[in-house]
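K.L.:
Following this line is query.cif, made up of mmCIF, C-alpha atoms:
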data_structure
#
loop_
_atom_site.label_atom_id
_atom_site.label_comp_id
_atom_site.auth_asym_id
_atom_site.auth_seq_id
_atom_site.Cartn_x
_atom_site.Cartn_y
_atom_site.Cartn_z
CA MET Q 405 -80.28 8.64 -48.45
CA ALA Q 406 -76.66 9.36 -49.24
CA GLY Q 407 -76.43 11.52 -46.12
CA ILE Q 408 -77.74 8.70 -43.94
CA LEU Q 409 -75.17 6.24 -45.34
CA THR Q 410 -72.36 8.72 -44.85
CA GLY Q 411 -73.37 9.24 -41.21
CA ARG Q 412 -73.43 5.48 -40.57
CA ARG Q 413 -69.95 5.06 -42.12
CA ARG Q 414 -68.57 7.78 -39.84
CA LYS Q 415 -70.13 6.13 -36.77
CA VAL Q 416 -68.68 2.67 -37.69
CA THR Q 417 -65.26 4.21 -38.27
CA ALA Q 418 -65.37 5.97 -34.89
CA ASP Q 419 -66.42 2.73 -33.18
CA LEU Q 420 -63.55 0.83 -34.79
CA SER Q 421 -61.00 3.45 -33.80
CA THR Q 422 -62.36 3.47 -30.26
CA SER Q 423 -62.17 -0.33 -30.06
CA VAL Q 424 -58.59 -0.36 -31.43
CA SER Q 425 -57.41 2.24 -28.99
CA ALA Q 426 -59.09 0.42 -26.12
CA SER Q 427 -57.47 -2.88 -27.14
CA GLU Q 428 -54.10 -1.20 -27.39
CA LEU Q 429 -54.55 0.25 -23.92
CA GLN Q 430 -55.54 -3.16 -22.56
CA SER Q 431 -52.41 -4.67 -24.12
CA LEU Q 432 -50.23 -1.96 -22.57
CA ARG Q 433 -51.72 -2.02 -19.09
CA PRO Q 434 -50.50 -5.52 -18.12
CA ALA Q 435 -46.97 -4.63 -19.24
CA GLN Q 436 -47.00 -1.54 -17.06
CA SER Q 437 -48.64 -3.17 -14.09
CA ASN Q 438 -46.58 -6.35 -14.04
CA ASN Q 439 -43.92 -4.67 -11.92
CA LEU Q 440 -46.37 -3.20 -9.41
CA PRO Q 441 -47.86 -5.06 -6.46
CA THR Q 442 -51.47 -5.92 -7.00
CA SER Q 443 -52.40 -6.85 -3.42
CA PRO Q 444 -51.44 -6.04 0.18
CA ASN Q 445 -49.60 -9.38 0.39
CA ASP Q 446 -47.39 -8.32 -2.53
CA ASP Q 447 -46.67 -5.03 -0.74
CA LEU Q 448 -45.61 -6.89 2.41
CA SER Q 449 -43.39 -9.29 0.45
CA VAL Q 450 -41.61 -6.41 -1.29
CA ILE Q 451 -41.07 -4.61 2.02
CA SER Q 452 -39.80 -7.76 3.73
CA ASN Q 453 -37.37 -8.46 0.88
CA HIS Q 454 -36.08 -4.90 1.08
CA VAL Q 455 -35.59 -5.17 4.84
CA ASN Q 456 -33.75 -8.48 4.41
CA ASP Q 457 -31.43 -6.89 1.84
CA ILE Q 458 -30.65 -4.06 4.26
CA ILE Q 459 -29.93 -6.51 7.09
CA ASN Q 460 -27.67 -8.64 4.87
CA ASN Q 461 -25.70 -5.61 3.67
CA ALA Q 462 -25.25 -4.39 7.24
CA SER Q 463 -24.03 -7.79 8.42
CA ASN Q 464 -21.57 -8.05 5.51
CA ASN Q 465 -20.18 -4.60 6.26
CA HIS Q 466 -19.79 -5.54 9.92
CA VAL Q 467 -17.91 -8.70 8.99
CA ASN Q 468 -15.63 -6.76 6.64
CA ARG Q 469 -14.84 -4.22 9.34
CA ASN Q 470 -14.05 -6.95 11.86
CA THR Q 471 -11.79 -8.69 9.37
CA SER Q 472 -9.92 -5.47 8.60
CA THR Q 473 -9.53 -4.69 12.30
CA GLN Q 474 -8.21 -8.17 13.03
CA SER Q 475 -5.73 -7.98 10.14
CA LEU Q 476 -4.45 -4.60 11.35
CA SER Q 477 -4.12 -5.79 14.92
CA SER Q 478 -2.29 -8.94 13.84
CA ALA Q 479 0.05 -6.83 11.70
CA ASN Q 480 0.86 -4.57 14.67
CA LYS Q 481 1.29 -7.47 17.11
CA PHE Q 482 4.76 -7.88 18.61
CA ASN Q 483 6.58 -10.70 16.83
CA PRO Q 484 10.19 -11.26 18.01
CA ARG Q 485 11.01 -13.75 15.25
CA LEU Q 486 9.86 -11.36 12.56
CA ILE Q 487 11.80 -8.46 14.06
CA PHE Q 488 14.96 -10.56 14.39
CA SER Q 489 14.63 -11.77 10.79
CA GLN Q 490 14.20 -8.20 9.57
CA ILE Q 491 17.30 -7.03 11.48
CA VAL Q 492 19.41 -9.87 10.09
CA ALA Q 493 18.15 -9.25 6.54
CA ILE Q 494 18.81 -5.51 6.67
CA GLN Q 495 22.29 -5.93 8.21
CA SER Q 496 23.32 -8.68 5.78
CA LEU Q 497 22.09 -6.87 2.67
CA HIS Q 498 23.70 -3.66 3.94
CA TYR Q 499 27.14 -5.33 4.09
CA LEU Q 500 26.52 -7.06 0.77
CA ALA Q 501 25.76 -3.75 -0.94
CA LEU Q 502 28.79 -2.10 0.68
CA SER Q 503 31.07 -4.91 -0.47
CA PHE Q 504 29.71 -4.62 -4.00
CA LEU Q 505 30.41 -0.88 -4.05
CA PHE Q 506 33.99 -1.48 -2.90
CA GLN Q 507 34.36 -3.88 -5.83
CA VAL Q 508 33.10 -1.14 -8.14
CA ASN Q 509 35.56 1.35 -6.61
CA HIS Q 510 38.35 -1.15 -7.21
CA VAL Q 511 37.46 -1.34 -10.89
CA LEU Q 512 36.88 2.41 -11.38
CA PHE Q 513 39.49 3.97 -9.08
CA GLY Q 514 41.97 1.16 -8.48
CA THR Q 515 41.45 1.03 -4.71
CA ASP Q 516 42.54 -2.10 -2.90
CA ILE Q 517 39.96 -4.53 -1.56
CA THR Q 518 40.17 -5.19 2.16
CA ILE Q 519 37.73 -5.81 4.96
CA ASP Q 520 39.29 -2.89 6.83
CA ARG Q 521 37.32 -0.55 4.59
CA ILE Q 522 34.09 -1.86 6.13
CA PHE Q 523 34.99 -2.17 9.81
CA THR Q 524 37.63 0.54 10.34
CA GLY Q 525 37.88 4.26 9.76
CA ASN Q 526 41.34 4.15 8.22
CA TYR Q 527 40.04 4.92 4.72
CA LEU Q 528 37.37 7.48 5.65
CA ASN Q 529 38.36 11.10 5.26
CA VAL Q 530 36.05 14.06 4.69
CA TRP Q 531 38.90 16.40 3.71
CA THR Q 532 40.43 14.55 0.74
CA ALA Q 533 39.11 13.46 -2.65
CA GLU Q 534 40.46 9.95 -2.15
CA GLY Q 535 38.62 9.67 1.14
CA TRP Q 536 35.35 10.53 -0.56
CA ILE Q 537 35.61 7.39 -2.65
CA ASP Q 538 34.81 5.33 0.44
CA ASN Q 539 32.58 8.07 1.85
CA GLY Q 540 30.44 7.90 -1.25
CA ALA Q 541 30.20 4.12 -0.89
CA PHE Q 542 28.91 4.44 2.68
CA LEU Q 543 26.37 7.14 1.77
CA THR Q 544 25.15 5.15 -1.23
CA THR Q 545 24.72 2.12 1.00
CA SER Q 546 22.65 4.25 3.40
CA ILE Q 547 20.34 5.18 0.51
CA PHE Q 548 20.09 1.50 -0.36
CA GLY Q 549 19.28 0.81 3.30
CA ALA Q 550 16.33 3.22 3.09
CA PHE Q 551 14.87 1.15 0.27
CA LEU Q 552 15.46 -1.96 2.38
CA LEU Q 553 13.39 -0.39 5.14
CA ALA Q 554 10.59 0.30 2.67
CA PHE Q 555 10.52 -3.29 1.36
CA ILE Q 556 11.33 -5.22 4.56
CA VAL Q 557 9.95 -3.13 7.43
CA GLU Q 558 7.17 -1.25 5.54
CA LYS Q 559 6.36 0.94 8.59
CA SER Q 560 7.50 4.55 8.76
CA LYS Q 561 7.32 4.65 12.57
CA LYS Q 562 9.81 1.75 12.77
CA CYS Q 563 12.48 3.26 10.50
CA LEU Q 564 14.18 5.08 13.37
CA ASP Q 565 14.38 1.92 15.48
CA PHE Q 566 15.77 -0.27 12.72
CA SER Q 567 18.25 2.36 11.54
CA VAL Q 568 19.62 2.95 15.04
CA THR Q 569 19.75 -0.82 15.61
CA SER Q 570 21.70 -1.30 12.39
CA PHE Q 571 24.14 1.47 13.36
CA THR Q 572 24.56 0.01 16.86
CA ILE Q 573 25.29 -3.47 15.54
CA HIS Q 574 27.83 -2.03 13.10
CA LEU Q 575 29.44 -0.04 15.93
CA LEU Q 576 29.78 -3.16 18.06
CA ILE Q 577 31.26 -5.17 15.19
CA CYS Q 578 33.75 -2.39 14.41
CA SER Q 579 34.74 -2.17 18.08
CA PHE Q 580 35.22 -5.93 18.26
CA TYR Q 581 37.17 -6.00 14.97
CA GLU Q 582 39.58 -3.21 15.92
CA GLY Q 583 39.73 -4.11 19.57
CA LYS Q 584 38.79 -0.56 20.56
CA PHE Q 585 35.99 1.96 20.30
CA PRO Q 586 36.06 4.03 17.05
CA ARG Q 587 37.73 7.38 17.80
CA SER Q 588 38.02 8.85 14.33
CA TRP Q 589 35.88 11.93 13.72
CA ASP Q 590 35.65 10.99 10.05
CA TRP Q 591 34.16 7.62 11.02
CA TRP Q 592 31.53 9.21 13.24
CA ILE Q 593 30.66 11.97 10.78
CA MET Q 594 30.10 9.59 7.88
CA HIS Q 595 28.20 6.94 9.84
CA VAL Q 596 25.93 9.38 11.67
CA LEU Q 597 25.26 11.20 8.38
CA GLY Q 598 24.47 7.89 6.68
CA MET Q 599 22.12 6.91 9.52
CA ILE Q 600 20.25 10.22 9.21
CA VAL Q 601 19.88 9.73 5.44
CA MET Q 602 18.62 6.19 5.99
CA ILE Q 603 16.06 7.31 8.59
CA LEU Q 604 14.64 10.28 6.66
CA LEU Q 605 14.51 8.60 3.26
CA GLY Q 606 13.20 5.36 4.75
CA GLU Q 607 10.36 7.17 6.55
CA TYR Q 608 9.46 8.98 3.34
CA LEU Q 609 9.35 5.78 1.27
CA CYS Q 610 7.42 3.86 3.92
CA SER Q 611 4.87 6.68 4.29
CA ARG Q 612 4.31 6.63 0.53
CA LEU Q 613 3.65 2.89 0.67
CA GLU Q 614 1.30 3.27 3.63
CA MET Q 615 -0.69 5.98 1.85
CA ARG Q 616 -1.03 3.81 -1.23
CA GLU Q 617 -2.13 0.66 0.65
CA ILE Q 618 -4.87 2.11 2.89
CA PRO Q 619 -7.95 -0.18 2.46
CA LEU Q 620 -11.27 1.45 1.65
CA LEU Q 621 -13.87 0.13 4.11
CA LEU Q 622 -17.45 -0.15 3.01
CA LEU Q 623 -19.74 2.11 5.04
#
How does this structure look as structure tokens?

P.N.:
Amino acid sequence: MAGILTGRRRKVTADLSTSVSASELQSLRPAQSNNLPTSPNDDLSVISNHVNDIINNASNNHVNRNTSTQSLSSANKFNPRLIFSQIVAIQSLHYLALSFLFQVNHVLFGTDITIDRIFTGNYLNVWTAEGWIDNGAFLTTSIFGAFLLAFIVEKSKKCLDFSVTSFTIHLLICSFYEGKFPRSWDWWIMHVLGMIVMILLGEYLCSRLEMREIPLLLL
């Protein structure tokens, strides 16, 4: 009798455990199958949504590429007003910086302040220490001009054009001021050297800016 009761208890316990495990599985199955399509219509809707996402992404990328291309083409478009404004700004700031350095030389070295120091070669001399006071001012202004090219022009391929233009304008002003073409070797040595420094350093600074500002297009 005791053996029969023990066997029945074991059978009831097994049935309960089986029912619990089955109920647990039933409770887990909906959670796992909620994210899966349950019919062919669901499969088609998922596929169509995926295709629509791909089409939208492709159209957005195409629009971004067109916008970038238009911005680059507009930036490279010939604009006479912009070019003229850049030339005037570079030339004016160049003379402003040179005048400021002559003021500094007056305070530090006691040199006299005259406009002849800007537009004549009377004070330029590569063979004397006193001449290198003004020589240093012109070379320092050329370095300042390179930074002007980086901030105003911002294109390395245009540094040569703007530097030569600035030198040509200065040559014409000096010729008009003196009433004759500059014939001093010291004048030509210092101004050509300053133009070379302005071109090379300006191209380097502009190339660094161009490398830093390249936009990353979405593929």

K.L.:
The PyMOL selection byres ((chain Q and resi 498-507) around 12) - which residues does that actually catch in the file I just gave you? List them as JSON, numbers by chain.

P.N.:
{"Q": [490, 491, 492, 493, 494, 495, 496, 497, 508, 509, 510, 511, 512, 513, 514, 515, 516, 517, 518, 519, 520, 521, 522, 523, 527, 537, 538, 539, 540, 541, 542, 543, 544, 545, 546, 547, 548, 549, 550, 551, 552, 553, 567, 570, 571, 573, 574, 577, 598, 602]}

K.L.:
Fewer than 2 positions away in the same chain doesn't count, so skip those; otherwise give me all residues within 12 Å of Phe585 (chain Q), counting all atoms listed in the file, as a list of chain:residue names.

P.N.:
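Here the answer would be Q:Phe523, Q:Thr524, Q:Gly525, Q:His574, Q:Leu575, Q:Leu576, Q:Ile577, Q:Cys578, Q:Ser579, Q:Phe580, Q:Tyr581, Q:Glu582, Q:Gly583, Q:Arg587, Q:Ser588, Q:Trp589, Q:Trp591, Q:Trp592.
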
K.L.:
What separation in Å, quoted to one decimal, exists between CA of Leu528 (chain Q) and CA of Lys584 (chain Q)?

P.N.:
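A separation of 17.0 Å between them.
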
K.L.:
Around region 565-576 of chain Q, fit a box with edges along x, y and z, padding it by 4 Å on each side, then list its centre and edge lengths in Å to one decimal as AutoDock Vina command-line options.

P.N.:
--center_x 22.1 --center_y -0.3 --center_z 14.8 --size_x 23.4 --size_y 14.4 --size_z 14.5

K.L.:
Go through the shown structure with the PyMOL selection byres ((chain Q and resi 610) around 12) and write out the matching residues as a ChimeraX atom specification.

P.N.:
/Q:550-564,602-609,611-617

K.L.:
Between Q:Asp590, Q:Lys481, Q:Val596, Q:Asp457, which has the minimum distance to Trp536 (chain Q) (counting all atoms listed in the file)?

P.N.:
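So, comparing all the options, the nearest one is Q:Asp590.
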
K.L.:
By how many Å are CA of Ile487 (chain Q) and CA of Met599 (chain Q) apart?

P.N.:
19.1 Å

K.L.:
Go through Q:Asn483, Q:Phe566, Q:Val530, Q:Asn456 one by one, measure the shortest atom-to-atom distance of each to Leu597 (chain Q) using all atoms listed in the file, and give the residue with the smallest value.

P.N.:
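That would be Q:Val530, the residue with the smallest distance to Leu597 (chain Q).
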
K.L.:
Working from the structure I just supplied, which lacks atoms in region 492-525 of chain Q, can you model N, CA and C atoms there and output them as a compact mmCIF listing (two decimals), in the coordinates of the input?

P.N.:
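New file selection.txt:
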# COMPACT_ATOMS: atom_id res chain seq x y z
N VAL Q 492 18.37 -9.09 10.76
CA VAL Q 492 19.41 -9.87 10.09
C VAL Q 492 19.41 -9.60 8.59
N ALA Q 493 18.23 -9.51 7.98
CA ALA Q 493 18.15 -9.25 6.54
C ALA Q 493 18.72 -7.88 6.18
N ILE Q 494 18.33 -6.86 6.95
CA ILE Q 494 18.81 -5.51 6.67
C ILE Q 494 20.33 -5.42 6.84
N GLN Q 495 20.85 -6.00 7.94
CA GLN Q 495 22.29 -5.93 8.21
C GLN Q 495 23.08 -6.69 7.15
N SER Q 496 22.60 -7.86 6.77
CA SER Q 496 23.32 -8.68 5.78
C SER Q 496 23.33 -8.01 4.41
N LEU Q 497 22.16 -7.53 3.98
CA LEU Q 497 22.09 -6.87 2.67
C LEU Q 497 22.86 -5.56 2.67
N HIS Q 498 22.92 -4.89 3.83
CA HIS Q 498 23.70 -3.66 3.94
C HIS Q 498 25.19 -3.95 3.68
N TYR Q 499 25.73 -4.98 4.31
CA TYR Q 499 27.14 -5.33 4.09
C TYR Q 499 27.37 -5.86 2.68
N LEU Q 500 26.39 -6.56 2.14
CA LEU Q 500 26.52 -7.06 0.77
C LEU Q 500 26.61 -5.91 -0.23
N ALA Q 501 25.73 -4.91 -0.05
CA ALA Q 501 25.76 -3.75 -0.94
C ALA Q 501 27.06 -2.96 -0.78
N LEU Q 502 27.53 -2.82 0.45
CA LEU Q 502 28.79 -2.10 0.68
C LEU Q 502 29.97 -2.82 0.06
N SER Q 503 30.00 -4.13 0.17
CA SER Q 503 31.07 -4.91 -0.47
C SER Q 503 31.03 -4.79 -1.98
N PHE Q 504 29.83 -4.78 -2.55
CA PHE Q 504 29.71 -4.62 -4.00
C PHE Q 504 30.23 -3.25 -4.45
N LEU Q 505 29.93 -2.22 -3.69
CA LEU Q 505 30.41 -0.88 -4.05
C LEU Q 505 31.93 -0.79 -3.94
N PHE Q 506 32.53 -1.47 -2.99
CA PHE Q 506 33.99 -1.48 -2.90
C PHE Q 506 34.61 -2.21 -4.10
N GLN Q 507 33.91 -3.21 -4.60
CA GLN Q 507 34.36 -3.88 -5.83
C GLN Q 507 34.29 -2.91 -7.01
N VAL Q 508 33.22 -2.13 -7.07
CA VAL Q 508 33.10 -1.14 -8.14
C VAL Q 508 34.20 -0.08 -8.03
N ASN Q 509 34.48 0.37 -6.80
CA ASN Q 509 35.56 1.35 -6.61
C ASN Q 509 36.92 0.78 -7.03
N HIS Q 510 37.10 -0.52 -6.79
CA HIS Q 510 38.35 -1.15 -7.21
C HIS Q 510 38.50 -1.13 -8.73
N VAL Q 511 37.41 -1.34 -9.43
CA VAL Q 511 37.46 -1.34 -10.89
C VAL Q 511 37.60 0.09 -11.44
N LEU Q 512 36.89 1.04 -10.86
CA LEU Q 512 36.88 2.41 -11.38
C LEU Q 512 38.07 3.24 -10.92
N PHE Q 513 38.46 3.10 -9.66
CA PHE Q 513 39.49 3.97 -9.08
C PHE Q 513 40.76 3.23 -8.68
N GLY Q 514 40.77 1.92 -8.80
CA GLY Q 514 41.97 1.16 -8.48
C GLY Q 514 42.25 1.03 -6.99
N THR Q 515 41.25 1.19 -6.15
CA THR Q 515 41.45 1.03 -4.71
C THR Q 515 41.60 -0.45 -4.36
N ASP Q 516 42.35 -0.72 -3.30
CA ASP Q 516 42.54 -2.10 -2.90
C ASP Q 516 41.31 -2.61 -2.14
N ILE Q 517 41.12 -3.91 -2.19
CA ILE Q 517 39.96 -4.53 -1.56
C ILE Q 517 40.42 -5.16 -0.25
N THR Q 518 39.87 -4.67 0.83
CA THR Q 518 40.17 -5.19 2.16
C THR Q 518 38.97 -5.00 3.07
N ILE Q 519 38.86 -5.90 4.03
CA ILE Q 519 37.73 -5.81 4.96
C ILE Q 519 37.87 -4.62 5.91
N ASP Q 520 39.09 -4.07 5.98
CA ASP Q 520 39.29 -2.89 6.83
C ASP Q 520 38.45 -1.70 6.36
N ARG Q 521 38.13 -1.66 5.10
CA ARG Q 521 37.32 -0.55 4.59
C ARG Q 521 35.90 -0.58 5.16
N ILE Q 522 35.45 -1.74 5.58
CA ILE Q 522 34.09 -1.86 6.13
C ILE Q 522 34.08 -1.60 7.63
N PHE Q 523 35.06 -2.16 8.34
CA PHE Q 523 34.99 -2.17 9.81
C PHE Q 523 36.02 -1.27 10.49
N THR Q 524 36.72 -0.44 9.73
CA THR Q 524 37.63 0.54 10.34
C THR Q 524 37.42 1.89 9.68
N GLY Q 525 37.97 2.91 10.32
CA GLY Q 525 37.88 4.26 9.76
C GLY Q 525 39.16 4.73 9.13
